[in-house]
Amino acid sequence: MVLTFVTGSADATGFLALGGAFSSVMTGNMVLLGLSAGTATATLAITSGSAIGSYIVGVLIGAHVAGTPQPEDPVWPRPVTRALTLELGAIVCFLIIWELTLTDRTHQAQLGMLVIAAMALGVQSSAVQRFGVPGLSSTYLTGTLTVLIGGVAGRRPLPELLPSTQVLGALVTGAGVGALVVQHLPWLSPLLLLLPLLTVLTAARPLETTHSPTPT
């Protein structure tokens with residue numbers, strides 16, 4: 001949920017302050033890329049295309065660092081921490097550039113920060129895949145919404161529906177808070193990405209040596 005809050009905040013920041021593209025919603029960016037072709041808008045093509053390319057690079061890096069699920073994995077595999085630490089480094093770079101350009105930000109600076117944010121979210125997306133839980137994601141959540149609505153239609157028990165509801169709520173909350181901060185306290189915006197990520201990394205430490213119960 002906390003990582004999904006980061007995603008919502010990053011997407012709101014990208015859309016409102018970094019050229020009108022998303023940091024993690026690549027489906028939306030692909031639509032924007034198609035719109036740019038249909039309307040012959042070069043700026044939108046560059047912005048959305050750069051976000052897509054950077055996200056792909058981030059996914060490749062994150063997959064290399066986080067690896068694939070292993071039978072002996074603890075509750076929180078250490079490679080996930082390494083990948084999220086890499087994401088944290090990218091967010092720190094984002095924060096520095098954001099603050100240095102806060103009062104006079106060029107289009108090139110916006111594009112550079114969007115590239116960093118999209119790459120960071122790509123790393124995060126791959127890191128979460130290391131858990132090996134089908135349908136678990138902190139970045140692409142259309143499937144989560146589909147599963148939730150299907151579960152409601154199928155009258156699945158509330159405890160089974162609650163995790164999906166909470167994750168989707170975290171995404172919307174992150175986007176809402178991110179939008180408010182960008183508009184009214186823009187100097188705080190990078191902290192909405194940095195502090196939750198630090199919280200996750202701190203809370204995950206004890207779980208790196210805790211193994212799930214072995215099925216009998």
# chains A, B, ... in the order shown; residues from 1 in each chain; ligands from 1
$ residues_around --residues "Leu162 in chain A" --least-positions-apart "6" --cutoff "12 Å" --atoms "only C-alpha atoms" --output "ChimeraX atom specification"
/A:1,144-145,147-149,151-152,156,168-169
$ write_last_selection --atoms "all heavy atoms" --output "PDB file, in the first residue's frame"
ATOM      1  N   MET A   1       0.824  -1.199   0.000  1.00  0.00           N
ATOM      2  CA  MET A   1       0.000   0.000   0.000  1.00  0.00           C
ATOM      3  C   MET A   1       0.864   1.258   0.000  1.00  0.00           C
ATOM      4  O   MET A   1       0.573   2.217  -0.732  1.00  0.00           O
ATOM      5  CB  MET A   1      -0.925   0.003   1.223  1.00  0.00           C
ATOM      6  CG  MET A   1      -2.078  -0.986   1.167  1.00  0.00           C
ATOM      7  SD  MET A   1      -2.994  -1.015   2.721  1.00  0.00           S
ATOM      8  CE  MET A   1      -3.528   0.686   2.843  1.00  0.00           C
ATOM      9  N   THR A 144      -5.891  -5.189 -10.934  1.00  0.00           N
ATOM     10  CA  THR A 144      -6.366  -5.240  -9.552  1.00  0.00           C
ATOM     11  C   THR A 144      -7.822  -4.803  -9.467  1.00  0.00           C
ATOM     12  O   THR A 144      -8.638  -5.422  -8.764  1.00  0.00           O
ATOM     13  CB  THR A 144      -5.500  -4.329  -8.664  1.00  0.00           C
ATOM     14  OG1 THR A 144      -4.130  -4.738  -8.759  1.00  0.00           O
ATOM     15  CG2 THR A 144      -5.945  -4.404  -7.207  1.00  0.00           C
ATOM     16  N   LEU A 145      -8.162  -3.740 -10.189  1.00  0.00           N
ATOM     17  CA  LEU A 145      -9.550  -3.270 -10.203  1.00  0.00           C
ATOM     18  C   LEU A 145     -10.468  -4.320 -10.831  1.00  0.00           C
ATOM     19  O   LEU A 145     -11.567  -4.579 -10.321  1.00  0.00           O
ATOM     20  CB  LEU A 145      -9.642  -1.959 -10.987  1.00  0.00           C
ATOM     21  CG  LEU A 145     -11.043  -1.363 -11.165  1.00  0.00           C
ATOM     22  CD1 LEU A 145     -11.661  -1.040  -9.813  1.00  0.00           C
ATOM     23  CD2 LEU A 145     -10.975  -0.118 -12.041  1.00  0.00           C
ATOM     24  N   VAL A 147     -10.028  -7.610 -10.965  1.00  0.00           N
ATOM     25  CA  VAL A 147     -10.174  -8.722 -10.025  1.00  0.00           C
ATOM     26  C   VAL A 147     -11.119  -8.354  -8.886  1.00  0.00           C
ATOM     27  O   VAL A 147     -11.966  -9.164  -8.461  1.00  0.00           O
ATOM     28  CB  VAL A 147      -8.794  -9.133  -9.468  1.00  0.00           C
ATOM     29  CG1 VAL A 147      -8.949 -10.118  -8.306  1.00  0.00           C
ATOM     30  CG2 VAL A 147      -7.950  -9.757 -10.571  1.00  0.00           C
ATOM     31  N   LEU A 148     -11.006  -7.121  -8.393  1.00  0.00           N
ATOM     32  CA  LEU A 148     -11.879  -6.677  -7.306  1.00  0.00           C
ATOM     33  C   LEU A 148     -13.338  -6.687  -7.728  1.00  0.00           C
ATOM     34  O   LEU A 148     -14.199  -7.229  -7.020  1.00  0.00           O
ATOM     35  CB  LEU A 148     -11.471  -5.269  -6.856  1.00  0.00           C
ATOM     36  CG  LEU A 148     -12.381  -4.607  -5.813  1.00  0.00           C
ATOM     37  CD1 LEU A 148     -12.410  -5.416  -4.525  1.00  0.00           C
ATOM     38  CD2 LEU A 148     -11.942  -3.178  -5.551  1.00  0.00           C
ATOM     39  N   ILE A 149     -13.645  -6.119  -8.884  1.00  0.00           N
ATOM     40  CA  ILE A 149     -15.039  -6.062  -9.341  1.00  0.00           C
ATOM     41  C   ILE A 149     -15.560  -7.470  -9.628  1.00  0.00           C
ATOM     42  O   ILE A 149     -16.710  -7.800  -9.326  1.00  0.00           O
ATOM     43  CB  ILE A 149     -15.165  -5.183 -10.593  1.00  0.00           C
ATOM     44  CG1 ILE A 149     -14.690  -3.754 -10.281  1.00  0.00           C
ATOM     45  CG2 ILE A 149     -16.599  -5.160 -11.092  1.00  0.00           C
ATOM     46  CD1 ILE A 149     -15.383  -3.116  -9.106  1.00  0.00           C
ATOM     47  N   GLY A 151     -14.576 -10.118  -8.090  1.00  0.00           N
ATOM     48  CA  GLY A 151     -14.805 -10.719  -6.781  1.00  0.00           C
ATOM     49  C   GLY A 151     -16.104 -10.255  -6.156  1.00  0.00           C
ATOM     50  O   GLY A 151     -16.829 -11.041  -5.523  1.00  0.00           O
ATOM     51  N   VAL A 152     -16.409  -8.969  -6.327  1.00  0.00           N
ATOM     52  CA  VAL A 152     -17.689  -8.452  -5.815  1.00  0.00           C
ATOM     53  C   VAL A 152     -18.854  -9.129  -6.523  1.00  0.00           C
ATOM     54  O   VAL A 152     -19.833  -9.549  -5.897  1.00  0.00           O
ATOM     55  CB  VAL A 152     -17.753  -6.918  -6.003  1.00  0.00           C
ATOM     56  CG1 VAL A 152     -19.157  -6.402  -5.672  1.00  0.00           C
ATOM     57  CG2 VAL A 152     -16.716  -6.228  -5.132  1.00  0.00           C
ATOM     58  N   ARG A 156     -17.395 -12.893  -3.319  1.00  0.00           N
ATOM     59  CA  ARG A 156     -16.297 -13.414  -2.510  1.00  0.00           C
ATOM     60  C   ARG A 156     -16.309 -12.746  -1.149  1.00  0.00           C
ATOM     61  O   ARG A 156     -16.783 -11.599  -1.005  1.00  0.00           O
ATOM     62  CB  ARG A 156     -14.964 -13.154  -3.217  1.00  0.00           C
ATOM     63  CG  ARG A 156     -14.786 -13.990  -4.478  1.00  0.00           C
ATOM     64  CD  ARG A 156     -13.542 -13.588  -5.245  1.00  0.00           C
ATOM     65  NE  ARG A 156     -12.347 -13.689  -4.424  1.00  0.00           N
ATOM     66  CZ  ARG A 156     -11.150 -13.253  -4.820  1.00  0.00           C
ATOM     67  NH1 ARG A 156     -11.015 -12.683  -6.005  1.00  0.00           N
ATOM     68  NH2 ARG A 156     -10.100 -13.389  -4.038  1.00  0.00           N
ATOM     69  N   LEU A 168      -5.919  -0.049  -4.137  1.00  0.00           N
ATOM     70  CA  LEU A 168      -6.520   0.951  -5.023  1.00  0.00           C
ATOM     71  C   LEU A 168      -6.775   2.261  -4.283  1.00  0.00           C
ATOM     72  O   LEU A 168      -6.571   3.352  -4.841  1.00  0.00           O
ATOM     73  CB  LEU A 168      -7.824   0.413  -5.612  1.00  0.00           C
ATOM     74  CG  LEU A 168      -7.663  -0.772  -6.572  1.00  0.00           C
ATOM     75  CD1 LEU A 168      -9.027  -1.372  -6.907  1.00  0.00           C
ATOM     76  CD2 LEU A 168      -6.956  -0.335  -7.854  1.00  0.00           C
ATOM     77  N   GLY A 169      -7.183   2.160  -3.036  1.00  0.00           N
ATOM     78  CA  GLY A 169      -7.376   3.359  -2.230  1.00  0.00           C
ATOM     79  C   GLY A 169      -6.077   4.110  -2.013  1.00  0.00           C
ATOM     80  O   GLY A 169      -6.039   5.347  -2.033  1.00  0.00           O
TER      81      GLY A 169
END
$ residues_around --residues "Gly62 in chain A" --least-positions-apart "6" --cutoff "8 Å" --atoms "only C-alpha atoms" --output "ChimeraX atom specification"
/A:83,122-127
$ atom_distance --atom1 "CA of Thr47 in chain A" --atom2 "CA of Thr13 in chain A"
13.9 Å
$ residues_around --residues "Pro186 in chain A" --least-positions-apart "3" --cutoff "10 Å" --atoms "only C-alpha atoms" --output "list in words"
Thr13, Ala17, Trp98, Glu99, Leu102, Gly178, Ala179, Leu180, Val181, Val182, Gln183, Ser189 and Pro190 of chain A
$ residues_around --residues "Val31 in chain A" --least-positions-apart "2" --cutoff "12 Å" --atoms "only C-alpha atoms" --output "VMD selection string"
chain A and resid 21 to 22 25 to 29 33 to 38 44 to 45 48 to 49 52
$ residues_around --residues "range 66-78 of chain A" --least-positions-apart "2" --cutoff "9 Å" --atoms "only C-alpha atoms" --output "ChimeraX atom specification"
/A:61-64,80-84,123,126-132,204-212
$ residues_around --residues "Met113 in chain A" --least-positions-apart "5" --cutoff "9 Å" --atoms "only C-alpha atoms" --output "ChimeraX atom specification"
/A:14,18,93-95,97-98,108,118
$ write_last_selection --atoms "C-alpha atoms" --output "tab-separated table (two decimals), in the first residue's frame"
chain	number	residue	atom	x	y	z
A	14	GLY	CA	4.46	13.82	-13.57
A	18	LEU	CA	6.50	17.39	-15.71
A	93	CYS	CA	18.45	12.63	-7.67
A	94	PHE	CA	14.90	13.65	-8.58
A	95	LEU	CA	14.61	15.63	-5.34
A	97	ILE	CA	16.95	18.52	-9.49
A	98	TRP	CA	13.40	19.42	-8.41
A	108	GLN	CA	14.42	19.99	-20.63
A	118	ALA	CA	9.60	6.71	-14.73
$ atom_distance --atom1 "CA of Pro196 in chain A" --atom2 "CA of Gly19 in chain A"
24.2 Å
$ atom_distance --atom1 "CA of His107 in chain A" --atom2 "CA of Leu3 in chain A"
27.9 Å
$ select_by_dssp --residues "range 6-167 of chain A" --states "helix (DSSP H, G or I)" --output "PyMOL selection string"
chain A and resi 6-17+26-39+42-66+78-100+107-129+142-153+158-167
